[in-house]
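> Structure file protein-v8.cif (mmCIF, C-alpha atoms and all ligand atoms) right here:
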```cif
data_structure
#
loop_
_atom_site.label_atom_id
_atom_site.label_comp_id
_atom_site.auth_asym_id
_atom_site.auth_seq_id
_atom_site.Cartn_x
_atom_site.Cartn_y
_atom_site.Cartn_z
CA MET R 28 -29.63 -0.19 3.99
CA LYS R 29 -26.30 -1.94 3.40
CA ARG R 30 -24.06 -1.88 6.43
CA TYR R 31 -20.29 -2.27 6.47
CA SER R 32 -18.08 -2.17 9.54
CA ILE R 33 -14.64 -0.63 9.26
CA ALA R 34 -11.85 -0.91 11.83
CA VAL R 35 -10.15 2.48 11.85
CA PHE R 36 -6.56 2.43 13.09
CA ALA R 37 -5.18 5.95 12.77
CA GLY R 38 -1.83 5.09 14.37
CA ASP R 39 0.99 7.56 14.95
CA GLY R 40 2.48 10.80 13.65
CA ILE R 41 0.33 12.20 10.87
CA GLY R 42 -1.91 9.08 11.04
CA PRO R 43 -4.72 10.69 13.05
CA GLU R 44 -4.67 13.85 10.88
CA ILE R 45 -4.98 12.07 7.54
CA MET R 46 -7.43 9.47 8.85
CA MET R 47 -9.79 12.19 10.07
CA GLU R 48 -10.03 13.54 6.51
CA ALA R 49 -10.63 10.09 5.03
CA VAL R 50 -13.41 9.39 7.54
CA ASN R 51 -14.99 12.77 6.71
CA VAL R 52 -14.99 11.79 3.04
CA LEU R 53 -16.53 8.38 3.79
CA ASP R 54 -19.15 10.07 5.90
CA VAL R 55 -20.32 12.18 2.94
CA ILE R 56 -20.34 9.10 0.74
CA GLN R 57 -22.51 7.09 3.12
CA LYS R 58 -25.06 9.88 3.36
CA LYS R 59 -25.12 10.43 -0.39
CA HIS R 60 -25.40 6.76 -1.33
CA GLY R 61 -27.61 5.46 1.44
CA ILE R 62 -25.08 3.05 2.83
CA ASN R 63 -24.24 2.56 6.46
CA LEU R 64 -20.56 2.64 7.37
CA PHE R 65 -19.89 1.70 10.96
CA PHE R 66 -16.49 2.83 12.24
CA VAL R 67 -14.72 1.18 15.18
CA GLU R 68 -11.58 3.03 16.26
CA GLU R 69 -8.64 1.67 18.21
CA LEU R 70 -5.03 2.62 18.94
CA VAL R 71 -2.25 0.74 17.15
CA GLY R 72 1.50 1.18 16.86
CA GLY R 73 3.31 3.60 19.14
CA ALA R 74 0.06 5.04 20.49
CA SER R 75 -0.96 1.53 21.56
CA ILE R 76 2.46 0.90 23.14
CA ASP R 77 2.08 4.08 25.19
CA GLU R 78 -1.45 3.24 26.30
CA TYR R 79 -1.49 -0.57 26.56
CA GLY R 80 2.18 -1.62 26.43
CA ALA R 81 1.90 -3.47 23.08
CA PRO R 82 1.82 -2.32 19.43
CA LEU R 83 -1.28 -4.40 18.66
CA THR R 84 -3.67 -5.51 21.38
CA ASP R 85 -5.94 -8.54 21.15
CA ARG R 86 -8.85 -6.11 21.22
CA ALA R 87 -7.55 -4.26 18.15
CA LEU R 88 -6.90 -7.54 16.37
CA ASP R 89 -10.44 -8.71 17.19
CA PHE R 90 -11.84 -5.48 15.77
CA ALA R 91 -9.83 -6.09 12.60
CA ARG R 92 -11.03 -9.70 12.36
CA GLN R 93 -14.68 -8.82 12.90
CA SER R 94 -14.77 -5.86 10.54
CA ASP R 95 -15.50 -5.92 6.85
CA ALA R 96 -12.31 -3.96 6.19
CA VAL R 97 -9.48 -2.21 8.01
CA MET R 98 -8.27 1.32 7.39
CA LEU R 99 -4.83 2.16 8.71
CA GLY R 100 -3.08 5.53 8.90
CA ALA R 101 0.59 4.91 9.71
CA VAL R 102 2.64 3.66 12.61
CA GLY R 103 6.04 4.44 14.08
CA GLY R 104 8.23 7.34 15.02
CA PRO R 105 11.50 8.26 16.71
CA LYS R 106 9.98 7.90 20.18
CA TRP R 107 9.80 4.11 19.81
CA GLU R 108 12.91 3.48 17.72
CA GLY R 109 15.08 2.12 20.54
CA LEU R 110 12.61 -0.63 21.46
CA ASP R 111 13.17 -4.30 20.85
CA TYR R 112 11.97 -5.35 17.36
CA ALA R 113 9.09 -7.38 18.78
CA MET R 114 7.82 -4.30 20.59
CA ARG R 115 8.19 -1.72 17.81
CA PRO R 116 5.13 0.02 16.37
CA GLU R 117 5.82 -1.53 12.95
CA ARG R 118 5.13 -4.97 14.45
CA ALA R 119 1.45 -3.97 14.54
CA LEU R 120 1.44 -3.77 10.76
CA LEU R 121 3.28 -7.01 10.25
CA ALA R 122 1.05 -8.77 12.78
CA LEU R 123 -2.14 -7.45 11.15
CA ARG R 124 -0.96 -8.65 7.74
CA LYS R 125 -0.01 -12.05 9.11
CA GLU R 126 -3.09 -12.56 11.30
CA LEU R 127 -5.53 -11.45 8.61
CA GLY R 128 -3.69 -13.48 5.97
CA LEU R 129 -3.06 -10.41 3.83
CA PHE R 130 -0.43 -11.74 1.47
CA ALA R 131 -0.74 -9.30 -1.43
CA ASN R 132 -0.20 -5.57 -1.47
CA LEU R 133 -1.64 -3.66 -4.41
CA ARG R 134 -0.25 -0.24 -5.18
CA PRO R 135 -1.69 1.62 -8.13
CA VAL R 136 0.70 4.24 -9.47
CA LYS R 137 -1.01 6.72 -11.71
CA ILE R 138 0.19 10.12 -12.76
CA HIS R 139 -2.31 12.90 -12.13
CA LYS R 140 -2.07 15.29 -15.10
CA ALA R 141 -2.29 18.29 -12.78
CA LEU R 142 0.75 17.08 -10.85
CA ILE R 143 2.98 16.26 -13.76
CA ASN R 144 5.48 18.90 -12.67
CA ALA R 145 5.61 17.63 -9.09
CA SER R 146 7.71 14.68 -10.22
CA THR R 147 11.50 14.94 -10.34
CA LEU R 148 11.35 13.19 -13.72
CA LYS R 149 10.69 14.95 -17.01
CA PRO R 150 6.99 15.28 -17.92
CA GLU R 151 7.48 13.39 -21.19
CA VAL R 152 8.91 10.42 -19.26
CA ILE R 153 6.03 10.11 -16.81
CA ASP R 154 3.03 11.41 -18.75
CA GLY R 155 0.56 8.53 -19.06
CA VAL R 156 2.17 6.28 -16.45
CA ASP R 157 -0.47 3.92 -15.08
CA MET R 158 0.76 0.79 -13.38
CA MET R 159 -0.02 -1.57 -10.55
CA VAL R 160 2.74 -2.89 -8.33
CA ILE R 161 1.82 -6.09 -6.52
CA ARG R 162 4.08 -7.01 -3.65
CA GLU R 163 4.08 -10.29 -1.73
CA LEU R 164 3.56 -9.33 1.90
CA THR R 165 3.86 -12.22 4.30
CA GLY R 166 6.88 -14.18 3.12
CA GLY R 167 10.48 -13.67 2.15
CA LEU R 168 13.17 -11.90 4.16
CA TYR R 169 10.82 -10.05 6.50
CA PHE R 170 9.41 -13.23 7.97
CA GLY R 171 11.93 -15.96 7.16
CA ALA R 172 13.69 -17.89 9.90
CA PRO R 173 16.33 -18.10 11.18
CA ARG R 174 16.68 -14.42 11.91
CA GLY R 175 18.44 -12.33 14.55
CA ILE R 176 21.72 -10.88 15.71
CA GLU R 177 24.07 -13.11 17.65
CA THR R 178 27.45 -12.64 19.28
CA LEU R 179 30.02 -15.13 18.07
CA LYS R 180 32.66 -16.82 20.18
CA ASP R 181 35.34 -14.39 19.05
CA GLY R 182 33.19 -11.46 20.24
CA THR R 183 32.16 -10.31 16.75
CA GLU R 184 28.47 -10.18 15.84
CA ARG R 185 26.46 -11.82 13.08
CA GLY R 186 23.12 -10.62 11.71
CA VAL R 187 20.95 -13.15 9.85
CA ASN R 188 17.76 -13.00 7.85
CA THR R 189 16.39 -15.68 5.58
CA LEU R 190 14.82 -15.25 2.16
CA VAL R 191 12.43 -18.17 1.90
CA TYR R 192 9.38 -18.94 -0.27
CA THR R 193 7.32 -22.08 -0.70
CA SER R 194 5.60 -22.89 -3.98
CA PRO R 195 2.04 -22.37 -2.56
CA GLU R 196 3.08 -18.89 -1.36
CA ILE R 197 4.30 -18.06 -4.85
CA GLU R 198 1.26 -19.61 -6.55
CA ARG R 199 -1.28 -17.48 -4.68
CA ILE R 200 0.52 -14.17 -5.26
CA ALA R 201 1.09 -15.12 -8.91
CA ARG R 202 -2.67 -15.64 -9.28
CA VAL R 203 -3.34 -12.17 -7.85
CA GLY R 204 -0.88 -10.82 -10.41
CA PHE R 205 -2.44 -12.65 -13.35
CA GLU R 206 -6.00 -11.84 -12.31
CA THR R 207 -5.12 -8.15 -11.96
CA ALA R 208 -3.40 -8.20 -15.35
CA ARG R 209 -6.45 -9.84 -16.89
CA LYS R 210 -8.58 -6.87 -15.83
CA ARG R 211 -6.08 -4.42 -17.33
CA ARG R 212 -3.86 -4.78 -20.39
CA LYS R 213 -3.29 -8.54 -20.01
CA LYS R 214 0.45 -8.10 -19.43
CA LEU R 215 2.23 -9.27 -16.31
CA LEU R 216 5.84 -8.66 -15.40
CA SER R 217 7.34 -10.83 -12.68
CA VAL R 218 10.43 -9.39 -11.00
CA ASP R 219 13.08 -11.58 -9.39
CA LYS R 220 16.80 -12.12 -9.03
CA ALA R 221 16.76 -15.66 -10.36
CA ASN R 222 20.36 -15.42 -11.55
CA VAL R 223 21.65 -15.18 -7.96
CA LEU R 224 18.97 -16.19 -5.45
CA GLU R 225 17.54 -19.72 -5.43
CA ALA R 226 14.36 -18.61 -3.65
CA THR R 227 13.60 -16.35 -6.60
CA GLU R 228 14.65 -19.00 -9.11
CA LEU R 229 11.76 -21.01 -7.67
CA TRP R 230 9.64 -17.86 -7.86
CA ARG R 231 10.24 -17.61 -11.61
CA LYS R 232 9.57 -21.30 -12.18
CA VAL R 233 6.27 -21.26 -10.28
CA VAL R 234 5.00 -17.99 -11.80
CA THR R 235 5.78 -19.37 -15.27
CA ARG R 236 3.87 -22.59 -14.53
CA ILE R 237 0.80 -20.78 -13.18
CA GLY R 238 0.80 -18.54 -16.25
CA LYS R 239 1.03 -21.46 -18.65
CA ASP R 240 -1.57 -23.61 -16.87
CA GLU R 241 -4.14 -21.06 -15.74
CA PHE R 242 -3.67 -17.76 -17.55
CA PRO R 243 -2.58 -18.48 -21.13
CA ASP R 244 -4.35 -15.28 -22.23
CA VAL R 245 -1.98 -13.10 -20.16
CA GLU R 246 1.43 -12.26 -21.57
CA LEU R 247 4.05 -12.99 -18.93
CA SER R 248 7.56 -11.57 -18.91
CA HIS R 249 10.37 -11.56 -16.36
CA MET R 250 12.91 -8.97 -15.28
CA TYR R 251 15.73 -8.91 -12.75
CA VAL R 252 15.10 -6.53 -9.91
CA ASP R 253 18.16 -4.35 -10.56
CA ASN R 254 17.10 -3.83 -14.17
CA CYS R 255 13.51 -3.13 -13.10
CA SER R 256 14.70 -0.49 -10.68
CA MET R 257 16.60 1.19 -13.51
CA GLN R 258 13.77 0.86 -16.05
CA LEU R 259 11.30 2.44 -13.64
CA VAL R 260 13.10 5.76 -13.92
CA ARG R 261 14.27 5.32 -17.51
CA ASN R 262 10.98 4.37 -19.15
CA PRO R 263 8.17 3.80 -16.61
CA LYS R 264 5.45 3.76 -19.28
CA GLN R 265 6.53 0.26 -20.34
CA PHE R 266 5.04 -1.17 -17.12
CA ASP R 267 1.50 -2.27 -16.47
CA VAL R 268 1.22 -4.93 -13.74
CA ILE R 269 4.35 -5.88 -11.80
CA VAL R 270 4.36 -8.77 -9.33
CA THR R 271 7.30 -9.34 -7.02
CA GLU R 272 8.45 -10.70 -3.67
CA ASN R 273 8.34 -8.84 -0.38
CA THR R 274 11.66 -6.99 -0.15
CA PHE R 275 11.94 -6.18 -3.85
CA GLY R 276 8.33 -4.99 -3.79
CA ASP R 277 8.94 -2.79 -0.78
CA ILE R 278 11.74 -0.98 -2.58
CA LEU R 279 10.33 -0.94 -6.12
CA SER R 280 6.92 0.28 -5.01
CA ASP R 281 8.45 3.26 -3.22
CA GLU R 282 10.51 4.01 -6.29
CA ALA R 283 7.42 3.74 -8.50
CA ALA R 284 5.55 5.95 -6.04
CA MET R 285 8.08 8.73 -6.41
CA LEU R 286 7.32 8.92 -10.14
CA THR R 287 4.20 10.74 -9.04
CA GLY R 288 6.15 13.34 -7.07
CA SER R 289 4.95 12.57 -3.57
CA ILE R 290 4.28 9.50 -1.52
CA GLY R 291 1.49 11.55 0.00
CA MET R 292 -0.61 10.74 -3.09
CA LEU R 293 -0.56 6.97 -3.21
CA PRO R 294 -3.04 4.50 -1.72
CA SER R 295 -2.65 0.79 -1.24
CA ALA R 296 -4.68 -2.29 -0.51
CA SER R 297 -3.47 -5.41 1.25
CA ILE R 298 -5.64 -8.35 0.38
CA GLY R 299 -5.96 -12.00 1.31
CA SER R 300 -7.83 -14.90 -0.16
CA GLU R 301 -11.14 -13.62 1.19
CA LYS R 302 -11.93 -10.62 -0.93
CA ARG R 303 -13.64 -8.59 1.73
CA ARG R 304 -10.99 -9.11 4.38
CA ALA R 305 -8.51 -6.43 3.44
CA MET R 306 -6.57 -3.52 4.83
CA TYR R 307 -6.29 -0.15 3.17
CA GLU R 308 -3.54 2.34 3.93
CA PRO R 309 -1.48 5.09 2.37
CA ILE R 310 1.93 3.88 1.26
CA HIS R 311 3.80 6.45 3.34
CA GLY R 312 4.82 6.30 6.98
CA SER R 313 3.93 8.44 9.95
CA ALA R 314 6.02 11.42 8.75
CA PRO R 315 7.16 12.49 12.23
CA ASP R 316 8.86 15.57 10.72
CA ILE R 317 5.49 17.14 9.87
CA ALA R 318 3.23 15.46 12.43
CA GLY R 319 0.92 17.79 14.35
CA LYS R 320 1.56 20.66 11.91
CA ASN R 321 -1.57 20.19 9.80
CA MET R 322 0.70 19.92 6.74
CA ALA R 323 0.24 16.31 5.70
CA ASN R 324 -1.31 15.36 2.39
CA PRO R 325 -4.46 13.33 3.15
CA ILE R 326 -5.01 12.25 -0.49
CA ALA R 327 -3.24 8.86 -0.21
CA THR R 328 -5.52 7.94 2.69
CA ILE R 329 -8.62 9.29 0.98
CA LEU R 330 -7.78 7.29 -2.16
CA SER R 331 -7.21 4.24 0.06
CA ALA R 332 -10.78 4.70 1.29
CA ALA R 333 -11.88 4.72 -2.36
CA MET R 334 -9.97 1.47 -2.94
CA MET R 335 -11.78 -0.04 0.04
CA LEU R 336 -15.17 0.85 -1.40
CA ARG R 337 -14.17 -0.65 -4.74
CA TYR R 338 -12.34 -3.84 -3.72
CA SER R 339 -13.99 -4.84 -0.43
CA PHE R 340 -17.53 -3.53 -0.83
CA ASP R 341 -17.97 -3.51 -4.63
CA LEU R 342 -19.14 0.11 -4.41
CA ILE R 343 -17.63 1.17 -7.72
CA ALA R 344 -19.56 4.40 -8.35
CA PRO R 345 -18.84 5.92 -4.91
CA ALA R 346 -15.17 4.97 -5.31
CA GLN R 347 -15.03 6.71 -8.68
CA GLU R 348 -16.73 9.74 -7.16
CA ILE R 349 -13.98 10.09 -4.59
CA GLU R 350 -11.29 9.72 -7.25
CA LYS R 351 -12.97 12.34 -9.42
CA ALA R 352 -13.32 14.73 -6.47
CA VAL R 353 -9.58 14.41 -5.77
CA GLU R 354 -8.80 15.06 -9.43
CA ALA R 355 -11.11 18.08 -9.48
CA VAL R 356 -9.50 19.63 -6.41
CA LEU R 357 -6.04 19.14 -7.90
CA ASN R 358 -7.22 20.67 -11.17
CA LYS R 359 -8.36 23.72 -9.21
CA GLY R 360 -4.76 24.17 -8.09
CA LEU R 361 -5.07 23.23 -4.42
CA ARG R 362 -1.87 21.68 -3.08
CA THR R 363 -0.56 20.50 0.26
CA ALA R 364 3.08 21.45 0.91
CA ASP R 365 4.53 18.19 -0.45
CA ILE R 366 3.07 18.78 -3.93
CA PHE R 367 3.12 22.57 -3.91
CA GLU R 368 4.59 24.43 -6.88
CA ALA R 369 4.63 28.08 -7.93
CA GLY R 370 1.27 29.24 -9.25
CA THR R 371 -0.78 26.86 -7.11
CA GLN R 372 -2.50 27.45 -3.78
CA LYS R 373 -0.93 25.95 -0.68
CA VAL R 374 -3.47 24.38 1.68
CA SER R 375 -3.31 22.50 4.96
CA CYS R 376 -4.31 18.90 5.56
CA THR R 377 -7.74 19.90 6.87
CA GLU R 378 -8.28 22.38 4.02
CA MET R 379 -7.45 19.71 1.45
CA GLY R 380 -9.86 17.29 3.12
CA ALA R 381 -12.58 19.94 3.31
CA ALA R 382 -12.12 20.82 -0.38
CA ILE R 383 -12.58 17.17 -1.38
CA VAL R 384 -15.65 16.89 0.86
CA LYS R 385 -17.08 20.06 -0.70
CA GLU R 386 -16.46 18.69 -4.19
CA LEU R 387 -18.30 15.48 -3.25
CA ARG R 388 -21.27 17.35 -1.87
P1 LIG Y 401 7.61 8.54 5.84
O1 LIG Y 401 6.84 7.99 4.72
O2 LIG Y 401 6.91 8.69 7.13
O3 LIG Y 401 8.19 9.97 5.44
C1 LIG Y 401 9.11 10.16 4.37
C2 LIG Y 401 9.04 11.63 3.91
O4 LIG Y 401 7.81 11.82 3.21
C3 LIG Y 401 9.02 12.63 5.06
O5 LIG Y 401 9.72 13.77 4.67
C4 LIG Y 401 7.55 12.96 5.25
O6 LIG Y 401 7.31 14.24 5.76
C5 LIG Y 401 7.02 12.82 3.82
N1 LIG Y 401 5.62 12.37 3.83
C6 LIG Y 401 5.16 11.15 4.10
N2 LIG Y 401 3.83 11.11 4.04
C7 LIG Y 401 3.43 12.35 3.72
C8 LIG Y 401 2.16 12.95 3.51
N3 LIG Y 401 1.00 12.28 3.62
N4 LIG Y 401 2.12 14.27 3.22
C9 LIG Y 401 3.24 14.97 3.09
N5 LIG Y 401 4.46 14.47 3.27
C10 LIG Y 401 4.56 13.16 3.58
O7 LIG Y 401 8.88 7.60 6.01
P2 LIG Y 401 10.04 7.62 7.11
O8 LIG Y 401 10.38 9.03 7.47
O9 LIG Y 401 11.08 6.73 6.57
O10 LIG Y 401 9.40 6.90 8.37
C11 LIG Y 401 8.80 7.59 9.47
C12 LIG Y 401 8.20 6.55 10.40
O11 LIG Y 401 7.12 5.89 9.74
C13 LIG Y 401 9.16 5.47 10.82
O12 LIG Y 401 8.93 5.16 12.16
C14 LIG Y 401 8.80 4.30 9.93
O13 LIG Y 401 9.11 3.07 10.51
C15 LIG Y 401 7.33 4.48 9.80
N6 LIG Y 401 6.72 3.88 8.60
C16 LIG Y 401 5.48 3.39 8.74
C17 LIG Y 401 4.83 2.88 7.64
C18 LIG Y 401 3.43 2.40 7.81
O14 LIG Y 401 2.84 2.61 8.83
N7 LIG Y 401 2.84 1.75 6.81
C19 LIG Y 401 5.45 2.88 6.39
C20 LIG Y 401 6.72 3.42 6.27
C21 LIG Y 401 7.34 3.94 7.40
#
```
Show the structure stored in the file as structure tokens.
Ligand code: NAD

Amino acid sequence: MKRYSIAVFAGDGIGPEIMMEAVNVLDVIQKKHGINLFFVEELVGGASIDEYGAPLTDRALDFARQSDAVMLGAVGGPKWEGLDYAMRPERALLALRKELGLFANLRPVKIHKALINASTLKPEVIDGVDMMVIRELTGGLYFGAPRGIETLKDGTERGVNTLVYTSPEIERIARVGFETARKRRKKLLSVDKANVLEATELWRKVVTRIGKDEFPDVELSHMYVDNCSMQLVRNPKQFDVIVTENTFGDILSDEAAMLTGSIGMLPSASIGSEKRRAMYEPIHGSAPDIAGKNMANPIATILSAAMMLRYSFDLIAPAQEIEKAVEAVLNKGLRTADIFEAGTQKVSCTEMGAAIVKELR
């Protein structure tokens, strides 16, 4: 029997609620398909700060390193907001990405037909949207040095962050973009701000070179980030695979996510150069406003589990089964509060999870 170990980091806020449903789904899958999934759980984020005094312990990091894949719920919340940056729950995420070498974040954005009215955009604008946003994860503004806030001699303050990329960092994320595009419609859009920012001028140059030298079969185009942001709401169907740097990707992928109506629907994968070493998580945060109320939508986390089966374990059929079960439950009109509309049936987080499990069985 094939055995895969999974580090399960539920995290904070709604994290434990949504993770429980994803693990239930994986449990059905392992029984149905004769695979052995071995879960190792540990606290991360605010929960880890409260218990161990640090957002990510060495023990948790070891679990992540030794596992075949990591599943993460979400971290953070108002309780920990006043802490020093190095001690905030979000550092756990950044540290995991850095330590595991997860430099690419893949976010599929697909409109579920049943949810077409959940979007704030007109159905004719979003019907058929199916894109992949690839965000560079370990470089750029979020990691660049120098960084910090300093008090100047005249008593005023200065905040500094640095947008920096090296050509090898751009090359490897470009390759992820081209390879992803190759498996889809063979079209890659690279997003930058090359007219203003030198770091992204280099980005454009390197992506163009990689395309020309290694992926001549993929059609490459470029767009400035401000235009891309506008085009995403004007005509999102034009996009297939988008590759972009860390900060732009953070913003654009949330914007793309909202085309679907709720960030509670969207999974993501963070991958490195080793295919199996990856982390899977919903794109949303810990949603403190609804935490503990059994209201959260577990679908993003459940679909993240499906991505894990597909990308890390090559278990394509079980992954498709999960995706089909989600689709079927939505078609039956079951909705958590975030995607609820008149004429559908409002269900809790646990009820949504149970319905998907039932569909799988
Ligand atoms: P958020 O994504 O947690 O919530 C934004 C809004 O979306 C809220 O109204 C929330 O109720 C709703 N929402 C999010 N996920 C949902 C779900 N599954 N079902 C239903 N509704 C859902 O973003 P935020 O409010 O900006 O951040 C809250 C905390 O989460 C902060 O501490 C932030 O730093 C952290 N955060 C963590 C991650 C992560 O762990 N990957 C990502 C983003 C934010």
> Could I get the residues of region 127-194 of chain R with an atom no further than 7 Å from an atom of region 199-220 of chain R, each paired with its nearest atom pair and that distance in Å to one decimal, using only C-alpha atoms, sorted by chain and residue number, as a Markdown table?

```
| residue | atom | partner | partner_atom | distance |
| --- | --- | --- | --- | --- |
| R:Ala131 | CA | R:Ile200 | CA | 6.3 |
| R:Ile161 | CA | R:Gly204 | CA | 6.7 |
| R:Glu163 | CA | R:Ile200 | CA | 6.3 |
```
> With only C-alpha atoms and all ligand atoms counted and 9 Å as the cut-off, give the residues of chain R in contact with ligand LIG 401 (chain Y), each with its shortest interatomic distance in Å and the pair that gives it, as JSON lines.

```
{"residue": "R:Gly38", "atom": "CA", "partner": "Y:LIG401", "partner_atom": "O14", "distance": 7.7}
{"residue": "R:Asp39", "atom": "CA", "partner": "Y:LIG401", "partner_atom": "O14", "distance": 8.1}
{"residue": "R:Gly40", "atom": "CA", "partner": "Y:LIG401", "partner_atom": "O11", "distance": 7.8}
{"residue": "R:Ile41", "atom": "CA", "partner": "Y:LIG401", "partner_atom": "N3", "distance": 7.3}
{"residue": "R:Gly42", "atom": "CA", "partner": "Y:LIG401", "partner_atom": "O14", "distance": 8.3}
{"residue": "R:Ile45", "atom": "CA", "partner": "Y:LIG401", "partner_atom": "N3", "distance": 7.2}
{"residue": "R:Gly72", "atom": "CA", "partner": "Y:LIG401", "partner_atom": "O14", "distance": 8.3}
{"residue": "R:Leu99", "atom": "CA", "partner": "Y:LIG401", "partner_atom": "O14", "distance": 7.7}
{"residue": "R:Gly100", "atom": "CA", "partner": "Y:LIG401", "partner_atom": "O14", "distance": 6.6}
{"residue": "R:Ala101", "atom": "CA", "partner": "Y:LIG401", "partner_atom": "O14", "distance": 3.3}
{"residue": "R:Val102", "atom": "CA", "partner": "Y:LIG401", "partner_atom": "O14", "distance": 3.9}
{"residue": "R:Gly103", "atom": "CA", "partner": "Y:LIG401", "partner_atom": "O12", "distance": 3.5}
{"residue": "R:Gly104", "atom": "CA", "partner": "Y:LIG401", "partner_atom": "O12", "distance": 3.7}
{"residue": "R:Pro105", "atom": "CA", "partner": "Y:LIG401", "partner_atom": "O12", "distance": 6.1}
{"residue": "R:Lys106", "atom": "CA", "partner": "Y:LIG401", "partner_atom": "O12", "distance": 8.5}
{"residue": "R:Trp107", "atom": "CA", "partner": "Y:LIG401", "partner_atom": "O12", "distance": 7.8}
{"residue": "R:Glu108", "atom": "CA", "partner": "Y:LIG401", "partner_atom": "O12", "distance": 7.0}
{"residue": "R:Arg115", "atom": "CA", "partner": "Y:LIG401", "partner_atom": "O13", "distance": 8.8}
{"residue": "R:Pro116", "atom": "CA", "partner": "Y:LIG401", "partner_atom": "O12", "distance": 7.7}
{"residue": "R:Glu117", "atom": "CA", "partner": "Y:LIG401", "partner_atom": "O13", "distance": 6.2}
{"residue": "R:Ala119", "atom": "CA", "partner": "Y:LIG401", "partner_atom": "O14", "distance": 8.8}
{"residue": "R:Leu120", "atom": "CA", "partner": "Y:LIG401", "partner_atom": "O14", "distance": 6.8}
{"residue": "R:Ser289", "atom": "CA", "partner": "Y:LIG401", "partner_atom": "N5", "distance": 7.1}
{"residue": "R:Ile290", "atom": "CA", "partner": "Y:LIG401", "partner_atom": "N2", "distance": 5.8}
{"residue": "R:Gly291", "atom": "CA", "partner": "Y:LIG401", "partner_atom": "N3", "distance": 3.7}
{"residue": "R:Met292", "atom": "CA", "partner": "Y:LIG401", "partner_atom": "N3", "distance": 7.1}
{"residue": "R:Leu293", "atom": "CA", "partner": "Y:LIG401", "partner_atom": "N3", "distance": 8.8}
{"residue": "R:Glu308", "atom": "CA", "partner": "Y:LIG401", "partner_atom": "N7", "distance": 7.0}
{"residue": "R:Pro309", "atom": "CA", "partner": "Y:LIG401", "partner_atom": "N7", "distance": 7.0}
{"residue": "R:Ile310", "atom": "CA", "partner": "Y:LIG401", "partner_atom": "N7", "distance": 6.0}
{"residue": "R:His311", "atom": "CA", "partner": "Y:LIG401", "partner_atom": "O1", "distance": 3.7}
{"residue": "R:Gly312", "atom": "CA", "partner": "Y:LIG401", "partner_atom": "O2", "distance": 3.2}
{"residue": "R:Ser313", "atom": "CA", "partner": "Y:LIG401", "partner_atom": "O11", "distance": 4.1}
{"residue": "R:Ala314", "atom": "CA", "partner": "Y:LIG401", "partner_atom": "O2", "distance": 3.3}
{"residue": "R:Pro315", "atom": "CA", "partner": "Y:LIG401", "partner_atom": "C11", "distance": 5.9}
{"residue": "R:Asp316", "atom": "CA", "partner": "Y:LIG401", "partner_atom": "O6", "distance": 5.4}
{"residue": "R:Ile317", "atom": "CA", "partner": "Y:LIG401", "partner_atom": "O6", "distance": 5.3}
{"residue": "R:Ala318", "atom": "CA", "partner": "Y:LIG401", "partner_atom": "O6", "distance": 7.9}
{"residue": "R:Met322", "atom": "CA", "partner": "Y:LIG401", "partner_atom": "C9", "distance": 6.7}
{"residue": "R:Ala323", "atom": "CA", "partner": "Y:LIG401", "partner_atom": "N4", "distance": 3.7}
{"residue": "R:Asn324", "atom": "CA", "partner": "Y:LIG401", "partner_atom": "N4", "distance": 3.7}
{"residue": "R:Pro325", "atom": "CA", "partner": "Y:LIG401", "partner_atom": "N3", "distance": 5.6}
{"residue": "R:Ile326", "atom": "CA", "partner": "Y:LIG401", "partner_atom": "N3", "distance": 7.3}
{"residue": "R:Ala327", "atom": "CA", "partner": "Y:LIG401", "partner_atom": "N3", "distance": 6.7}
{"residue": "R:Thr328", "atom": "CA", "partner": "Y:LIG401", "partner_atom": "N3", "distance": 7.9}
{"residue": "R:Thr363", "atom": "CA", "partner": "Y:LIG401", "partner_atom": "C9", "distance": 7.3}
{"residue": "R:Ala364", "atom": "CA", "partner": "Y:LIG401", "partner_atom": "C9", "distance": 6.8}
{"residue": "R:Asp365", "atom": "CA", "partner": "Y:LIG401", "partner_atom": "C9", "distance": 5.0}
{"residue": "R:Ile366", "atom": "CA", "partner": "Y:LIG401", "partner_atom": "C9", "distance": 8.0}
{"residue": "R:Cys376", "atom": "CA", "partner": "Y:LIG401", "partner_atom": "N4", "distance": 8.3}
```
> Taking only residues of region 209-313 of chain R that have an atom at most 10 Å from an atom of region 184-190 of chain R, what is each one's shortest atom pair and its distance in Å to one decimal, using all atoms listed in the file, in chain and number order, as a Markdown table?

```
| residue | atom | partner | partner_atom | distance |
| --- | --- | --- | --- | --- |
| R:Leu224 | CA | R:Leu190 | CA | 8.7 |
| R:Glu225 | CA | R:Leu190 | CA | 9.2 |
| R:Ala226 | CA | R:Leu190 | CA | 6.7 |
| R:Thr227 | CA | R:Leu190 | CA | 8.9 |
| R:Glu272 | CA | R:Leu190 | CA | 9.8 |
| R:Asn273 | CA | R:Leu190 | CA | 9.5 |
| R:Thr274 | CA | R:Leu190 | CA | 9.1 |
```
> Which residues, written as a PyMOL selection string, have at least one atom at most 8 Å from region 254-259 of chain R, with all atoms listed in the file counted and residues fewer than 6 positions away on the same chain left out?
chain R and resi 218+279+282-283
> Considering all atoms listed in the file, can you say which of R:Met46, R:Leu70, R:Ile349, R:Ile153 comes closest to Val260 (chain R)?
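Distance minimum relative to Val260 (chain R) lands on R:Ile153.
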> Give me, as an MDAnalysis selection string, all polymer residues having an atom no more than 9 Å from Ser297 (chain R), counting only C-alpha atoms and skipping those fewer than 2 positions away in the same chain.
chainID R and resid 124 129:134 164 295 299 304:308
> With all atoms listed in the file as the counted atoms, please give the residues lying no more than 12 Å from Ala96 (chain R), apart from itself and same-chain residues fewer than 6 positions off, as a ChimeraX atom specification.
/R:30-36,64-67,90,123,127,129,296-299,301-308,331-332,334-340
